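Chemist: Coordinates in target13.txt, compact mmCIF, N, CA and C atoms, are listed below.
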```txt
# COMPACT_ATOMS: atom_id res chain seq x y z
N MET D 1 2.28 -9.06 5.83
CA MET D 1 2.31 -7.61 5.75
C MET D 1 3.44 -7.17 4.81
N VAL D 2 3.13 -6.21 3.95
CA VAL D 2 4.10 -5.68 3.00
C VAL D 2 4.15 -4.17 3.18
N SER D 3 5.36 -3.59 3.13
CA SER D 3 5.44 -2.13 3.23
C SER D 3 6.52 -1.62 2.29
N LYS D 4 6.35 -0.37 1.89
CA LYS D 4 7.33 0.25 0.99
C LYS D 4 7.32 1.75 1.21
N GLU D 5 8.51 2.34 1.17
CA GLU D 5 8.63 3.78 1.34
C GLU D 5 8.56 4.47 -0.02
N VAL D 6 7.95 5.65 -0.04
CA VAL D 6 7.84 6.41 -1.29
C VAL D 6 7.93 7.90 -0.96
N VAL D 7 8.49 8.67 -1.90
CA VAL D 7 8.60 10.13 -1.73
C VAL D 7 7.45 10.79 -2.49
N VAL D 8 6.75 11.70 -1.81
CA VAL D 8 5.65 12.45 -2.44
C VAL D 8 6.25 13.60 -3.23
N LYS D 9 6.01 13.58 -4.55
CA LYS D 9 6.61 14.61 -5.43
C LYS D 9 5.65 15.75 -5.74
N ASN D 10 4.37 15.56 -5.46
CA ASN D 10 3.37 16.57 -5.77
C ASN D 10 3.67 17.87 -5.02
N ALA D 11 3.61 19.00 -5.72
CA ALA D 11 3.97 20.30 -5.14
C ALA D 11 3.15 20.65 -3.89
N THR D 12 1.91 20.19 -3.84
CA THR D 12 1.08 20.54 -2.68
C THR D 12 0.89 19.35 -1.73
N GLY D 13 1.70 18.30 -1.90
CA GLY D 13 1.58 17.14 -1.02
C GLY D 13 0.32 16.35 -1.33
N LEU D 14 -0.20 15.66 -0.33
CA LEU D 14 -1.42 14.86 -0.53
C LEU D 14 -2.63 15.63 -0.02
N HIS D 15 -3.02 16.64 -0.77
CA HIS D 15 -4.20 17.43 -0.42
C HIS D 15 -5.44 16.74 -0.97
N ALA D 16 -6.56 17.43 -1.05
CA ALA D 16 -7.86 16.82 -1.36
C ALA D 16 -7.91 15.97 -2.63
N ARG D 17 -7.47 16.50 -3.77
CA ARG D 17 -7.61 15.74 -5.02
C ARG D 17 -6.74 14.48 -5.03
N PRO D 18 -5.43 14.59 -4.77
CA PRO D 18 -4.64 13.36 -4.77
C PRO D 18 -5.06 12.39 -3.67
N ALA D 19 -5.49 12.92 -2.54
CA ALA D 19 -5.95 12.05 -1.45
C ALA D 19 -7.18 11.27 -1.88
N THR D 20 -8.07 11.92 -2.62
CA THR D 20 -9.28 11.25 -3.12
C THR D 20 -8.90 10.12 -4.08
N LEU D 21 -7.92 10.36 -4.95
CA LEU D 21 -7.45 9.32 -5.87
C LEU D 21 -6.88 8.13 -5.09
N LEU D 22 -6.13 8.42 -4.03
CA LEU D 22 -5.55 7.35 -3.21
C LEU D 22 -6.64 6.52 -2.53
N VAL D 23 -7.65 7.20 -1.99
CA VAL D 23 -8.75 6.50 -1.30
C VAL D 23 -9.47 5.58 -2.28
N LYS D 24 -9.73 6.09 -3.49
CA LYS D 24 -10.42 5.26 -4.50
C LYS D 24 -9.59 4.03 -4.85
N LYS D 25 -8.28 4.23 -5.05
CA LYS D 25 -7.39 3.12 -5.40
C LYS D 25 -7.31 2.11 -4.25
N ALA D 26 -7.11 2.61 -3.03
CA ALA D 26 -6.98 1.71 -1.87
C ALA D 26 -8.27 0.93 -1.63
N SER D 27 -9.40 1.55 -1.89
CA SER D 27 -10.70 0.90 -1.66
C SER D 27 -10.95 -0.24 -2.63
N SER D 28 -10.17 -0.31 -3.70
CA SER D 28 -10.36 -1.39 -4.68
C SER D 28 -9.67 -2.68 -4.24
N PHE D 29 -8.94 -2.64 -3.13
CA PHE D 29 -8.24 -3.83 -2.64
C PHE D 29 -8.93 -4.40 -1.40
N LYS D 30 -8.82 -5.71 -1.23
CA LYS D 30 -9.39 -6.37 -0.05
C LYS D 30 -8.54 -6.11 1.19
N SER D 31 -7.25 -5.96 1.00
CA SER D 31 -6.32 -5.79 2.11
C SER D 31 -6.56 -4.51 2.90
N ASP D 32 -6.12 -4.53 4.16
CA ASP D 32 -6.08 -3.30 4.96
C ASP D 32 -4.88 -2.52 4.47
N VAL D 33 -5.10 -1.26 4.10
CA VAL D 33 -4.02 -0.45 3.54
C VAL D 33 -3.88 0.82 4.38
N SER D 34 -2.65 1.09 4.83
CA SER D 34 -2.44 2.29 5.64
C SER D 34 -1.16 2.99 5.21
N MET D 35 -0.99 4.20 5.74
CA MET D 35 0.17 5.02 5.41
C MET D 35 0.72 5.60 6.71
N GLU D 36 2.05 5.62 6.82
CA GLU D 36 2.70 6.23 7.97
C GLU D 36 3.48 7.45 7.53
N PHE D 37 3.36 8.52 8.33
CA PHE D 37 4.10 9.76 8.06
C PHE D 37 4.31 10.49 9.38
N ASN D 38 5.55 10.87 9.66
CA ASN D 38 5.88 11.60 10.89
C ASN D 38 5.36 10.91 12.15
N GLY D 39 5.48 9.60 12.19
CA GLY D 39 5.06 8.86 13.38
C GLY D 39 3.57 8.65 13.51
N LYS D 40 2.79 9.15 12.54
CA LYS D 40 1.34 8.95 12.56
C LYS D 40 0.96 7.94 11.50
N LYS D 41 -0.10 7.19 11.75
CA LYS D 41 -0.55 6.16 10.81
C LYS D 41 -2.03 6.38 10.53
N ALA D 42 -2.43 6.20 9.25
CA ALA D 42 -3.83 6.38 8.89
C ALA D 42 -4.23 5.35 7.85
N ASN D 43 -5.51 5.00 7.87
CA ASN D 43 -6.08 4.09 6.88
C ASN D 43 -6.22 4.86 5.56
N ILE D 44 -5.65 4.33 4.48
CA ILE D 44 -5.71 5.03 3.20
C ILE D 44 -7.12 4.95 2.60
N LYS D 45 -7.96 4.08 3.10
CA LYS D 45 -9.33 4.00 2.61
C LYS D 45 -10.21 5.09 3.21
N SER D 46 -9.64 5.90 4.08
CA SER D 46 -10.37 7.01 4.72
C SER D 46 -9.78 8.34 4.26
N LEU D 47 -10.59 9.16 3.59
CA LEU D 47 -10.13 10.46 3.11
C LEU D 47 -9.69 11.34 4.28
N ILE D 48 -10.48 11.36 5.33
CA ILE D 48 -10.13 12.15 6.52
C ILE D 48 -8.80 11.66 7.11
N GLY D 49 -8.61 10.34 7.11
CA GLY D 49 -7.37 9.77 7.63
C GLY D 49 -6.16 10.24 6.84
N VAL D 50 -6.25 10.17 5.52
CA VAL D 50 -5.14 10.59 4.66
C VAL D 50 -4.86 12.08 4.85
N LEU D 51 -5.91 12.89 4.84
CA LEU D 51 -5.73 14.35 4.99
C LEU D 51 -5.16 14.70 6.37
N SER D 52 -5.53 13.93 7.39
CA SER D 52 -5.09 14.23 8.76
C SER D 52 -3.58 14.04 8.93
N LEU D 53 -2.95 13.29 8.03
CA LEU D 53 -1.51 13.09 8.13
C LEU D 53 -0.74 14.36 7.74
N GLY D 54 -1.35 15.20 6.92
CA GLY D 54 -0.70 16.45 6.51
C GLY D 54 0.58 16.21 5.70
N VAL D 55 0.52 15.29 4.76
CA VAL D 55 1.71 14.95 3.96
C VAL D 55 2.05 16.09 3.01
N THR D 56 3.32 16.51 3.04
CA THR D 56 3.78 17.63 2.23
C THR D 56 4.71 17.15 1.11
N LYS D 57 5.07 18.09 0.22
CA LYS D 57 5.99 17.77 -0.89
C LYS D 57 7.31 17.26 -0.33
N ASP D 58 7.91 16.31 -1.04
CA ASP D 58 9.19 15.69 -0.69
C ASP D 58 9.16 14.90 0.61
N ALA D 59 7.97 14.58 1.10
CA ALA D 59 7.84 13.79 2.33
C ALA D 59 8.05 12.31 2.01
N ASN D 60 8.70 11.62 2.93
CA ASN D 60 8.83 10.16 2.83
C ASN D 60 7.66 9.55 3.58
N VAL D 61 6.85 8.77 2.88
CA VAL D 61 5.74 8.07 3.54
C VAL D 61 5.93 6.57 3.34
N THR D 62 5.39 5.80 4.26
CA THR D 62 5.46 4.35 4.15
C THR D 62 4.06 3.82 3.91
N VAL D 63 3.89 3.07 2.83
CA VAL D 63 2.61 2.45 2.51
C VAL D 63 2.67 1.01 3.03
N ILE D 64 1.65 0.62 3.80
CA ILE D 64 1.62 -0.69 4.42
C ILE D 64 0.31 -1.39 4.06
N ALA D 65 0.40 -2.65 3.68
CA ALA D 65 -0.81 -3.41 3.37
C ALA D 65 -0.72 -4.79 4.02
N SER D 66 -1.88 -5.27 4.45
CA SER D 66 -1.95 -6.59 5.06
C SER D 66 -3.23 -7.28 4.61
N GLY D 67 -3.10 -8.44 3.94
CA GLY D 67 -4.28 -9.15 3.48
C GLY D 67 -4.00 -9.95 2.22
N ASP D 68 -5.07 -10.41 1.58
CA ASP D 68 -4.97 -11.30 0.42
C ASP D 68 -4.18 -10.71 -0.75
N ASP D 69 -4.39 -9.42 -1.03
CA ASP D 69 -3.73 -8.80 -2.18
C ASP D 69 -2.76 -7.71 -1.76
N GLU D 70 -2.08 -7.93 -0.62
CA GLU D 70 -1.21 -6.91 -0.03
C GLU D 70 -0.08 -6.45 -0.95
N THR D 71 0.57 -7.37 -1.64
CA THR D 71 1.70 -6.99 -2.51
C THR D 71 1.23 -6.10 -3.65
N LEU D 72 0.16 -6.50 -4.31
CA LEU D 72 -0.38 -5.70 -5.41
C LEU D 72 -0.87 -4.34 -4.90
N ALA D 73 -1.50 -4.33 -3.74
CA ALA D 73 -2.01 -3.07 -3.17
C ALA D 73 -0.87 -2.07 -2.94
N VAL D 74 0.21 -2.52 -2.33
CA VAL D 74 1.35 -1.62 -2.06
C VAL D 74 1.96 -1.15 -3.37
N GLU D 75 2.16 -2.05 -4.33
CA GLU D 75 2.75 -1.67 -5.62
C GLU D 75 1.91 -0.62 -6.33
N GLU D 76 0.61 -0.84 -6.40
CA GLU D 76 -0.29 0.06 -7.11
C GLU D 76 -0.38 1.43 -6.43
N ILE D 77 -0.43 1.45 -5.11
CA ILE D 77 -0.55 2.72 -4.39
C ILE D 77 0.75 3.52 -4.47
N VAL D 78 1.88 2.84 -4.36
CA VAL D 78 3.18 3.52 -4.51
C VAL D 78 3.28 4.11 -5.91
N LYS D 79 2.88 3.34 -6.92
CA LYS D 79 2.91 3.81 -8.31
C LYS D 79 2.03 5.05 -8.47
N LEU D 80 0.87 5.04 -7.84
CA LEU D 80 -0.05 6.19 -7.92
C LEU D 80 0.56 7.42 -7.24
N ILE D 81 1.13 7.25 -6.05
CA ILE D 81 1.75 8.38 -5.35
C ILE D 81 2.89 8.97 -6.19
N GLU D 82 3.68 8.11 -6.82
CA GLU D 82 4.80 8.59 -7.65
C GLU D 82 4.30 9.32 -8.90
N SER D 83 3.13 8.95 -9.38
CA SER D 83 2.62 9.55 -10.62
C SER D 83 1.86 10.85 -10.40
N ILE D 84 1.49 11.16 -9.16
CA ILE D 84 0.72 12.38 -8.88
C ILE D 84 1.68 13.56 -8.82
N GLU D 85 1.65 14.36 -9.87
CA GLU D 85 2.47 15.58 -9.91
C GLU D 85 1.64 16.69 -10.51
N GLU D 86 1.65 17.82 -9.88
CA GLU D 86 0.88 18.96 -10.42
C GLU D 86 1.80 20.12 -10.69
```
Represent the structure of the file as C-alpha cells.

Modeler:
Amino acid sequence: MVSKEVVVKNATGLHARPATLLVKKASSFKSDVSMEFNGKKANIKSLIGVLSLGVTKDANVTVIASGDDETLAVEEIVKLIESIEE
C-alpha cells in the first residue's frame, strides 16, 4: 500500500469536472485507488464516491493505492490533483 498527501488548489475543489478527470485516471490502473478527506474514505474510481467527500479548495487529501501498480497510480493521481486549477 502506498499513500501520499496532496493539497487541492482548484478554486471550486473537486466538483464534477475535476472529479470526472480523477475517475478516468484512476480507472486506468489495476490497483485499488481511494482518497481520504475529513475522516471519510472513497474509491476514486467512483464519481459518486469522489463527489460525496465534498473536497474543497486548500483541502489536504490523502491518495491511497494498493495493488500491482500502486506507486505509479498514487504519483499520477497526485500529479493530476496538483495540475487541476481553474

Chemist: Can you measure atom C of Ala11 of chain D to atom C of Leu53 of chain D for me? One decimal in Å is fine.

Modeler: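 Atom-to-atom, atom C of Ala11 of chain D to atom C of Leu53 of chain D, that is 13.8 Å.
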
Chemist: Would you give me, as a VMD selection string, the residues in chain D that DSSP reads as strand (DSSP E or B)?

Modeler: chain D and resid 2 to 7 32 to 37 40 to 43 60 to 66

Chemist: Suppose you want the space between atom CA of Ser31 of chain D and atom N of Thr12 of chain D; what is it in Å?

Modeler: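 It comes out at 27.9 Å.
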
Chemist: For Val2 of chain D, work out the shell of residues within 7 Å, counting only N, CA and C atoms and skipping chain neighbours fewer than 2 positions away, then give it as a PyMOL selection string.

Modeler: chain D and resi 4+63-67+70-71+74

Chemist: So how far away is atom CA of Asp68 of chain D from atom CA of Pro18 of chain D, in Å?

Modeler: 25.2 Å
